[in-house]
Amino acid sequence: MKQPNPVGQRRRSLPQRHPKPGSEDPQAPAQIKAIIDSPSYLAADRDPDFLRRQDMRGLRLMLDYQKAQQLLVQHRVAHTVVVFGGTRLPEPVAARRNCDALSAALAAAPDDHELAERLAVARRVAEKSRYYDVARELGYLIGRCGEHAIGGRIMVMTGGGPGIMEAANRGAHEAGAKSIGLNITLPHEQYPNPYVSPELCFSFHYFAMRKLHFLLRARALVAFPGGYGTLDELFEVLTLAQTRKMDPVPIVLVGEAYWRRVFDPDFVVAEGMIDPEDRELFWYAESAATVWRDIVKWYEIKGEPLLPPGLVDEVCAACATAARSA
């Protein structure tokens, strides 16, 4: 009985393993090199210029979706609480440091009106920087509870960037839990925050695919004060819930004073642009414990509990005790 050849090997190589020699045709080596160096000869999956063509957009959309999808499934990501908020809301110590630097600069140039306006804005940002701590605590609470969730682990998911997103990922990290970041490629480089779990941080090309992944596993959306990006995500979710394109989920707006200036739903109802019941798609909250308790309570009322009875109160109480001791 003959022994099989090792995989990929032959005792005698096939003719195509050897290029046509120059001894047979002096021009052959140069022509072969020109063929191999031609972009058309690159395999399609190794040709970035081909993949970036306009008529390959459908394939790129599929790849943008599929890579994150496969890895999320591989890491058993069942459910998420999606946290949105401003990238410009740093932790309080950084906000105060910025105010101090601008105050010193203005003291040296008291007639600089642009500097005075920058300081006024910085002070308003510093006042709202407390929401960084709220988002951080929320991430911690979810991280502490996530492994005990009914029906599969619940994890924090953010856009992966700085500010409020960093805070939520940071809280989960401090709880010893993994968390997810869906970053987006932009004309100016955007770094992920350092608290996202490396194996669960993704870089999307298309906002559409990123938004799809935000909502595919979402059990709740929590929106902190933010700008256009936060508003975009919030109103998209409200529209999908209003039209029942997706099943309603808890939508919590943190910082009622901010949100009522940005968006007046009572006015929109009074003007007949939405129904009164559409105003019930979301509610306001101020603290991390209230946000998390309200989300858990919403599912209990629905008859689909997220957590074992009493767990959220136990974790919130422990977190509050630790905060008082710090």
# chains A, B, ... in the order shown; residues from 1 in each chain; ligands from 1

call {"tool": "residues_around", "arguments": {"residues": "Val249 of chain A", "least_positions_apart": "5", "cutoff": "10 Å", "atoms": "only C-alpha atoms", "output": "short mmCIF file (atom, residue, chain, number, x, y, z; two decimals) with C-alpha atoms, in the first residue's frame"}}
result
data_model
loop_
_atom_site.label_atom_id
_atom_site.label_comp_id
_atom_site.auth_asym_id
_atom_site.auth_seq_id
_atom_site.Cartn_x
_atom_site.Cartn_y
_atom_site.Cartn_z
CA LEU A 215 -30.37 48.17 18.65
CA ALA A 218 -30.75 46.53 23.24
CA ARG A 219 -32.89 46.02 26.31
CA ALA A 220 -32.76 49.73 27.17
CA LEU A 221 -31.40 53.04 25.89
CA VAL A 237 -35.00 54.95 18.61
CA LEU A 238 -38.07 57.03 19.50
CA ALA A 241 -40.59 52.57 18.98
CA LEU A 281 -42.09 56.26 25.25
CA PHE A 282 -39.45 57.74 27.56
CA ILE A 295 -35.29 49.72 33.77
CA TRP A 298 -40.20 48.23 33.60
CA TYR A 299 -39.43 44.63 32.68
#

call {"tool": "residues_around", "arguments": {"residues": "Leu200 of chain A", "least_positions_apart": "3", "cutoff": "8 Å", "atoms": "only C-alpha atoms", "output": "list of chain:residue names"}}
result
A:Leu71, A:Leu72, A:Ser179, A:Ile180, A:Gly181, A:Val196, A:Ser197

call {"tool": "closest_atom_pairs", "arguments": {"of": "segment 164-190 of chain A", "to": "segment 127-134 of chain A", "cutoff": "9 Å", "atoms": "only C-alpha atoms", "output": "CSV"}}
result
residue,atom,partner,partner_atom,distance
A:Ile164,CA,A:Tyr132,CA,5.5
A:Met165,CA,A:Tyr132,CA,8.7
A:Glu166,CA,A:Tyr132,CA,8.4
A:Ala167,CA,A:Tyr132,CA,5.6
A:Ala168,CA,A:Tyr132,CA,8.1
A:Gly171,CA,A:Asp133,CA,8.9

call {"tool": "select_by_dssp", "arguments": {"residues": "segment 5-234 of chain A", "states": "strand (DSSP E)", "output": "number ranges by chain"}}
result
A: 79-84, 154-158, 180-184, 201-204, 218-223

call {"tool": "write_last_selection", "arguments": {"atoms": "C-alpha atoms", "output": "compact mmCIF listing (two decimals), in the first residue's frame"}}
result
# COMPACT_ATOMS: atom_id res chain seq x y z
CA HIS A 79 -28.46 41.68 25.73
CA THR A 80 -27.19 45.22 26.09
CA VAL A 81 -27.99 48.49 27.80
CA VAL A 82 -26.96 51.16 25.31
CA VAL A 83 -25.56 54.37 26.79
CA PHE A 84 -25.29 57.54 24.70
CA ILE A 154 -26.58 41.98 29.99
CA MET A 155 -23.68 44.22 29.04
CA VAL A 156 -22.99 47.92 28.67
CA MET A 157 -22.71 49.07 25.05
CA THR A 158 -21.52 52.53 24.02
CA ILE A 180 -18.76 46.85 24.27
CA GLY A 181 -17.73 49.85 22.18
CA LEU A 182 -18.94 50.52 18.64
CA ASN A 183 -16.47 53.04 17.27
CA ILE A 184 -16.81 54.73 13.89
CA CYS A 201 -14.38 47.06 20.51
CA PHE A 202 -15.35 47.43 16.85
CA SER A 203 -14.57 50.03 14.21
CA PHE A 204 -17.43 50.62 11.77
CA ALA A 218 -30.75 46.53 23.24
CA ARG A 219 -32.89 46.02 26.31
CA ALA A 220 -32.76 49.73 27.17
CA LEU A 221 -31.40 53.04 25.89
CA VAL A 222 -30.01 55.62 28.31
CA ALA A 223 -29.30 59.06 26.86

call {"tool": "select_by_dssp", "arguments": {"residues": "segment 226-269 of chain A", "states": "alpha helix (DSSP H)", "output": "list in words"}}
result
Tyr228, Gly229, Thr230, Leu231, Asp232, Glu233, Leu234, Phe235, Glu236, Val237, Leu238, Thr239, Leu240, Ala241, Gln242, Glu256, Ala257, Tyr258, Trp259, Arg260, Arg261, Val262, Pro265, Asp266, Phe267, Val268 and Val269 of chain A

call {"tool": "write_last_selection", "arguments": {"atoms": "C-alpha atoms", "output": "PDB file, in the first residue's frame"}}
result
ATOM      1  CA  TYR A 228     -26.033  65.936  17.404  1.00  0.00           C
ATOM      2  CA  GLY A 229     -24.855  62.339  17.628  1.00  0.00           C
ATOM      3  CA  THR A 230     -26.792  61.701  20.835  1.00  0.00           C
ATOM      4  CA  LEU A 231     -29.888  63.392  19.407  1.00  0.00           C
ATOM      5  CA  ASP A 232     -29.600  61.359  16.215  1.00  0.00           C
ATOM      6  CA  GLU A 233     -29.561  58.070  18.097  1.00  0.00           C
ATOM      7  CA  LEU A 234     -32.308  59.141  20.512  1.00  0.00           C
ATOM      8  CA  PHE A 235     -34.780  60.293  17.886  1.00  0.00           C
ATOM      9  CA  GLU A 236     -34.139  57.272  15.717  1.00  0.00           C
ATOM     10  CA  VAL A 237     -35.002  54.949  18.608  1.00  0.00           C
ATOM     11  CA  LEU A 238     -38.068  57.027  19.502  1.00  0.00           C
ATOM     12  CA  THR A 239     -39.248  56.824  15.873  1.00  0.00           C
ATOM     13  CA  LEU A 240     -38.711  53.060  15.701  1.00  0.00           C
ATOM     14  CA  ALA A 241     -40.594  52.572  18.980  1.00  0.00           C
ATOM     15  CA  GLN A 242     -43.390  54.970  17.990  1.00  0.00           C
ATOM     16  CA  GLU A 256     -34.331  66.525  32.856  1.00  0.00           C
ATOM     17  CA  ALA A 257     -33.359  70.219  32.931  1.00  0.00           C
ATOM     18  CA  TYR A 258     -31.047  69.730  29.955  1.00  0.00           C
ATOM     19  CA  TRP A 259     -33.414  67.612  27.924  1.00  0.00           C
ATOM     20  CA  ARG A 260     -36.408  69.904  28.431  1.00  0.00           C
ATOM     21  CA  ARG A 261     -34.412  72.758  26.903  1.00  0.00           C
ATOM     22  CA  VAL A 262     -33.278  70.596  23.984  1.00  0.00           C
ATOM     23  CA  PRO A 265     -42.298  66.847  23.927  1.00  0.00           C
ATOM     24  CA  ASP A 266     -45.306  68.528  25.567  1.00  0.00           C
ATOM     25  CA  PHE A 267     -45.141  71.256  22.928  1.00  0.00           C
ATOM     26  CA  VAL A 268     -44.976  68.663  20.149  1.00  0.00           C
ATOM     27  CA  VAL A 269     -48.021  66.908  21.634  1.00  0.00           C
TER      28      VAL A 269
END

call {"tool": "closest_residue", "arguments": {"among": "A:Asn169, A:Thr321, A:Ser287, A:Asn98", "to": "Val254 of chain A", "atoms": "only C-alpha atoms"}}
result
A:Ser287

call {"tool": "atom_distance", "arguments": {"atom1": "atom CA of Cys316 of chain A", "atom2": "atom CA of Ala78 of chain A"}}
result
22.9 Å

call {"tool": "atom_distance", "arguments": {"atom1": "atom CA of Leu119 of chain A", "atom2": "atom CA of Gly255 of chain A"}}
result
22.3 Å

call {"tool": "decode", "arguments": {"residues": "segment 106-260 of chain A", "atoms": "C-alpha atoms", "output": "PDB file, in the first residue's frame"}}
result
ATOM      1  CA  LEU A 106      -8.377  85.410  30.814  1.00  0.00           C
ATOM      2  CA  ALA A 107      -6.801  87.073  33.851  1.00  0.00           C
ATOM      3  CA  ALA A 108      -3.754  87.755  31.682  1.00  0.00           C
ATOM      4  CA  ALA A 109      -5.909  89.049  28.796  1.00  0.00           C
ATOM      5  CA  PRO A 110      -9.120  90.479  30.339  1.00  0.00           C
ATOM      6  CA  ASP A 111     -10.238  92.139  27.085  1.00  0.00           C
ATOM      7  CA  ASP A 112     -10.216  88.899  25.087  1.00  0.00           C
ATOM      8  CA  HIS A 113     -13.945  88.367  24.463  1.00  0.00           C
ATOM      9  CA  GLU A 114     -13.453  85.056  22.678  1.00  0.00           C
ATOM     10  CA  LEU A 115     -11.537  83.735  25.673  1.00  0.00           C
ATOM     11  CA  ALA A 116     -14.288  84.954  27.991  1.00  0.00           C
ATOM     12  CA  GLU A 117     -16.894  83.038  25.976  1.00  0.00           C
ATOM     13  CA  ARG A 118     -14.749  79.894  26.007  1.00  0.00           C
ATOM     14  CA  LEU A 119     -14.524  80.153  29.782  1.00  0.00           C
ATOM     15  CA  ALA A 120     -18.298  80.566  30.080  1.00  0.00           C
ATOM     16  CA  VAL A 121     -18.846  77.431  27.970  1.00  0.00           C
ATOM     17  CA  ALA A 122     -16.195  75.535  29.933  1.00  0.00           C
ATOM     18  CA  ARG A 123     -17.975  76.392  33.177  1.00  0.00           C
ATOM     19  CA  ARG A 124     -21.266  75.071  31.812  1.00  0.00           C
ATOM     20  CA  VAL A 125     -19.506  71.884  30.719  1.00  0.00           C
ATOM     21  CA  ALA A 126     -17.936  71.575  34.164  1.00  0.00           C
ATOM     22  CA  GLU A 127     -21.355  71.920  35.773  1.00  0.00           C
ATOM     23  CA  LYS A 128     -22.658  69.050  33.630  1.00  0.00           C
ATOM     24  CA  SER A 129     -19.531  66.939  34.137  1.00  0.00           C
ATOM     25  CA  ARG A 130     -21.290  65.394  37.141  1.00  0.00           C
ATOM     26  CA  TYR A 131     -23.077  63.240  34.578  1.00  0.00           C
ATOM     27  CA  TYR A 132     -19.745  61.549  33.884  1.00  0.00           C
ATOM     28  CA  ASP A 133     -19.897  60.180  37.425  1.00  0.00           C
ATOM     29  CA  VAL A 134     -23.550  59.173  36.976  1.00  0.00           C
ATOM     30  CA  ALA A 135     -22.733  57.268  33.770  1.00  0.00           C
ATOM     31  CA  ARG A 136     -19.729  55.677  35.429  1.00  0.00           C
ATOM     32  CA  GLU A 137     -21.871  54.478  38.339  1.00  0.00           C
ATOM     33  CA  LEU A 138     -24.515  53.188  35.935  1.00  0.00           C
ATOM     34  CA  GLY A 139     -21.884  51.175  34.079  1.00  0.00           C
ATOM     35  CA  TYR A 140     -20.725  49.760  37.402  1.00  0.00           C
ATOM     36  CA  LEU A 141     -24.233  48.750  38.458  1.00  0.00           C
ATOM     37  CA  ILE A 142     -24.959  47.036  35.152  1.00  0.00           C
ATOM     38  CA  GLY A 143     -21.546  45.357  35.261  1.00  0.00           C
ATOM     39  CA  ARG A 144     -22.224  43.989  38.750  1.00  0.00           C
ATOM     40  CA  CYS A 145     -25.638  42.643  37.756  1.00  0.00           C
ATOM     41  CA  GLY A 146     -25.013  41.556  34.178  1.00  0.00           C
ATOM     42  CA  GLU A 147     -23.783  38.020  34.767  1.00  0.00           C
ATOM     43  CA  HIS A 148     -26.856  37.252  36.890  1.00  0.00           C
ATOM     44  CA  ALA A 149     -29.388  38.397  34.298  1.00  0.00           C
ATOM     45  CA  ILE A 150     -32.267  36.142  33.372  1.00  0.00           C
ATOM     46  CA  GLY A 151     -32.111  34.916  29.782  1.00  0.00           C
ATOM     47  CA  GLY A 152     -28.476  35.787  29.123  1.00  0.00           C
ATOM     48  CA  ARG A 153     -25.798  38.246  30.204  1.00  0.00           C
ATOM     49  CA  ILE A 154     -26.583  41.982  29.988  1.00  0.00           C
ATOM     50  CA  MET A 155     -23.683  44.222  29.037  1.00  0.00           C
ATOM     51  CA  VAL A 156     -22.990  47.919  28.668  1.00  0.00           C
ATOM     52  CA  MET A 157     -22.705  49.067  25.054  1.00  0.00           C
ATOM     53  CA  THR A 158     -21.523  52.533  24.019  1.00  0.00           C
ATOM     54  CA  GLY A 159     -20.156  54.267  20.966  1.00  0.00           C
ATOM     55  CA  GLY A 160     -16.679  53.545  22.284  1.00  0.00           C
ATOM     56  CA  GLY A 161     -15.569  57.173  22.405  1.00  0.00           C
ATOM     57  CA  PRO A 162     -14.699  59.641  25.171  1.00  0.00           C
ATOM     58  CA  GLY A 163     -16.932  61.549  27.578  1.00  0.00           C
ATOM     59  CA  ILE A 164     -20.125  59.840  28.711  1.00  0.00           C
ATOM     60  CA  MET A 165     -19.322  56.734  26.663  1.00  0.00           C
ATOM     61  CA  GLU A 166     -15.954  56.418  28.376  1.00  0.00           C
ATOM     62  CA  ALA A 167     -17.638  56.804  31.760  1.00  0.00           C
ATOM     63  CA  ALA A 168     -20.104  53.956  31.177  1.00  0.00           C
ATOM     64  CA  ASN A 169     -17.405  51.605  29.862  1.00  0.00           C
ATOM     65  CA  ARG A 170     -15.179  52.632  32.757  1.00  0.00           C
ATOM     66  CA  GLY A 171     -17.806  51.779  35.336  1.00  0.00           C
ATOM     67  CA  ALA A 172     -18.317  48.324  33.852  1.00  0.00           C
ATOM     68  CA  HIS A 173     -14.544  47.825  33.763  1.00  0.00           C
ATOM     69  CA  GLU A 174     -14.293  48.775  37.445  1.00  0.00           C
ATOM     70  CA  ALA A 175     -16.982  46.209  38.224  1.00  0.00           C
ATOM     71  CA  GLY A 176     -14.824  43.537  36.601  1.00  0.00           C
ATOM     72  CA  ALA A 177     -17.264  43.174  33.695  1.00  0.00           C
ATOM     73  CA  LYS A 178     -16.679  43.258  29.981  1.00  0.00           C
ATOM     74  CA  SER A 179     -18.309  46.009  27.933  1.00  0.00           C
ATOM     75  CA  ILE A 180     -18.762  46.848  24.272  1.00  0.00           C
ATOM     76  CA  GLY A 181     -17.733  49.849  22.181  1.00  0.00           C
ATOM     77  CA  LEU A 182     -18.937  50.517  18.644  1.00  0.00           C
ATOM     78  CA  ASN A 183     -16.468  53.037  17.273  1.00  0.00           C
ATOM     79  CA  ILE A 184     -16.809  54.733  13.892  1.00  0.00           C
ATOM     80  CA  THR A 185     -14.159  55.762  11.379  1.00  0.00           C
ATOM     81  CA  LEU A 186     -14.186  59.510  10.800  1.00  0.00           C
ATOM     82  CA  PRO A 187     -12.134  61.873   8.616  1.00  0.00           C
ATOM     83  CA  HIS A 188     -10.257  62.878  11.777  1.00  0.00           C
ATOM     84  CA  GLU A 189      -8.932  59.889  13.692  1.00  0.00           C
ATOM     85  CA  GLN A 190     -11.067  58.839  16.656  1.00  0.00           C
ATOM     86  CA  TYR A 191      -9.485  56.751  19.377  1.00  0.00           C
ATOM     87  CA  PRO A 192     -11.522  54.291  21.427  1.00  0.00           C
ATOM     88  CA  ASN A 193     -11.670  54.932  25.144  1.00  0.00           C
ATOM     89  CA  PRO A 194      -9.346  52.670  27.172  1.00  0.00           C
ATOM     90  CA  TYR A 195     -12.085  50.944  29.172  1.00  0.00           C
ATOM     91  CA  VAL A 196     -13.821  48.999  26.386  1.00  0.00           C
ATOM     92  CA  SER A 197     -12.981  45.290  26.407  1.00  0.00           C
ATOM     93  CA  PRO A 198     -10.439  44.924  23.555  1.00  0.00           C
ATOM     94  CA  GLU A 199     -12.150  41.882  22.066  1.00  0.00           C
ATOM     95  CA  LEU A 200     -15.485  43.763  22.030  1.00  0.00           C
ATOM     96  CA  CYS A 201     -14.379  47.058  20.506  1.00  0.00           C
ATOM     97  CA  PHE A 202     -15.345  47.429  16.851  1.00  0.00           C
ATOM     98  CA  SER A 203     -14.574  50.025  14.208  1.00  0.00           C
ATOM     99  CA  PHE A 204     -17.432  50.615  11.772  1.00  0.00           C
ATOM    100  CA  HIS A 205     -17.286  52.379   8.437  1.00  0.00           C
ATOM    101  CA  TYR A 206     -21.036  52.922   8.077  1.00  0.00           C
ATOM    102  CA  PHE A 207     -23.183  54.693  10.637  1.00  0.00           C
ATOM    103  CA  ALA A 208     -26.120  52.570   9.453  1.00  0.00           C
ATOM    104  CA  MET A 209     -24.472  49.283  10.448  1.00  0.00           C
ATOM    105  CA  ARG A 210     -23.315  50.760  13.729  1.00  0.00           C
ATOM    106  CA  LYS A 211     -26.866  51.875  14.531  1.00  0.00           C
ATOM    107  CA  LEU A 212     -28.191  48.442  13.642  1.00  0.00           C
ATOM    108  CA  HIS A 213     -25.852  46.809  16.149  1.00  0.00           C
ATOM    109  CA  PHE A 214     -26.773  49.363  18.793  1.00  0.00           C
ATOM    110  CA  LEU A 215     -30.366  48.173  18.648  1.00  0.00           C
ATOM    111  CA  LEU A 216     -30.193  44.460  17.784  1.00  0.00           C
ATOM    112  CA  ARG A 217     -29.618  43.400  21.400  1.00  0.00           C
ATOM    113  CA  ALA A 218     -30.747  46.532  23.236  1.00  0.00           C
ATOM    114  CA  ARG A 219     -32.888  46.020  26.314  1.00  0.00           C
ATOM    115  CA  ALA A 220     -32.763  49.731  27.167  1.00  0.00           C
ATOM    116  CA  LEU A 221     -31.404  53.044  25.890  1.00  0.00           C
ATOM    117  CA  VAL A 222     -30.012  55.624  28.315  1.00  0.00           C
ATOM    118  CA  ALA A 223     -29.297  59.062  26.862  1.00  0.00           C
ATOM    119  CA  PHE A 224     -27.184  61.563  28.777  1.00  0.00           C
ATOM    120  CA  PRO A 225     -26.749  65.211  27.731  1.00  0.00           C
ATOM    121  CA  GLY A 226     -25.093  65.293  24.348  1.00  0.00           C
ATOM    122  CA  GLY A 227     -24.997  66.867  20.921  1.00  0.00           C
ATOM    123  CA  TYR A 228     -26.033  65.936  17.404  1.00  0.00           C
ATOM    124  CA  GLY A 229     -24.855  62.339  17.628  1.00  0.00           C
ATOM    125  CA  THR A 230     -26.792  61.701  20.835  1.00  0.00           C
ATOM    126  CA  LEU A 231     -29.888  63.392  19.407  1.00  0.00           C
ATOM    127  CA  ASP A 232     -29.600  61.359  16.215  1.00  0.00           C
ATOM    128  CA  GLU A 233     -29.561  58.070  18.097  1.00  0.00           C
ATOM    129  CA  LEU A 234     -32.308  59.141  20.512  1.00  0.00           C
ATOM    130  CA  PHE A 235     -34.780  60.293  17.886  1.00  0.00           C
ATOM    131  CA  GLU A 236     -34.139  57.272  15.717  1.00  0.00           C
ATOM    132  CA  VAL A 237     -35.002  54.949  18.608  1.00  0.00           C
ATOM    133  CA  LEU A 238     -38.068  57.027  19.502  1.00  0.00           C
ATOM    134  CA  THR A 239     -39.248  56.824  15.873  1.00  0.00           C
ATOM    135  CA  LEU A 240     -38.711  53.060  15.701  1.00  0.00           C
ATOM    136  CA  ALA A 241     -40.594  52.572  18.980  1.00  0.00           C
ATOM    137  CA  GLN A 242     -43.390  54.970  17.990  1.00  0.00           C
ATOM    138  CA  THR A 243     -43.980  53.200  14.677  1.00  0.00           C
ATOM    139  CA  ARG A 244     -43.546  49.761  16.321  1.00  0.00           C
ATOM    140  CA  LYS A 245     -40.824  48.952  13.850  1.00  0.00           C
ATOM    141  CA  MET A 246     -39.141  47.665  16.975  1.00  0.00           C
ATOM    142  CA  ASP A 247     -40.689  46.600  20.253  1.00  0.00           C
ATOM    143  CA  PRO A 248     -40.586  49.463  22.746  1.00  0.00           C
ATOM    144  CA  VAL A 249     -37.750  49.338  25.251  1.00  0.00           C
ATOM    145  CA  PRO A 250     -37.066  51.580  28.238  1.00  0.00           C
ATOM    146  CA  ILE A 251     -35.716  54.935  27.048  1.00  0.00           C
ATOM    147  CA  VAL A 252     -34.329  57.050  29.877  1.00  0.00           C
ATOM    148  CA  LEU A 253     -33.158  60.648  29.494  1.00  0.00           C
ATOM    149  CA  VAL A 254     -30.710  61.568  32.229  1.00  0.00           C
ATOM    150  CA  GLY A 255     -30.769  65.247  33.169  1.00  0.00           C
ATOM    151  CA  GLU A 256     -34.331  66.525  32.856  1.00  0.00           C
ATOM    152  CA  ALA A 257     -33.359  70.219  32.931  1.00  0.00           C
ATOM    153  CA  TYR A 258     -31.047  69.730  29.955  1.00  0.00           C
ATOM    154  CA  TRP A 259     -33.414  67.612  27.924  1.00  0.00           C
ATOM    155  CA  ARG A 260     -36.408  69.904  28.431  1.00  0.00           C
TER     156      ARG A 260
END
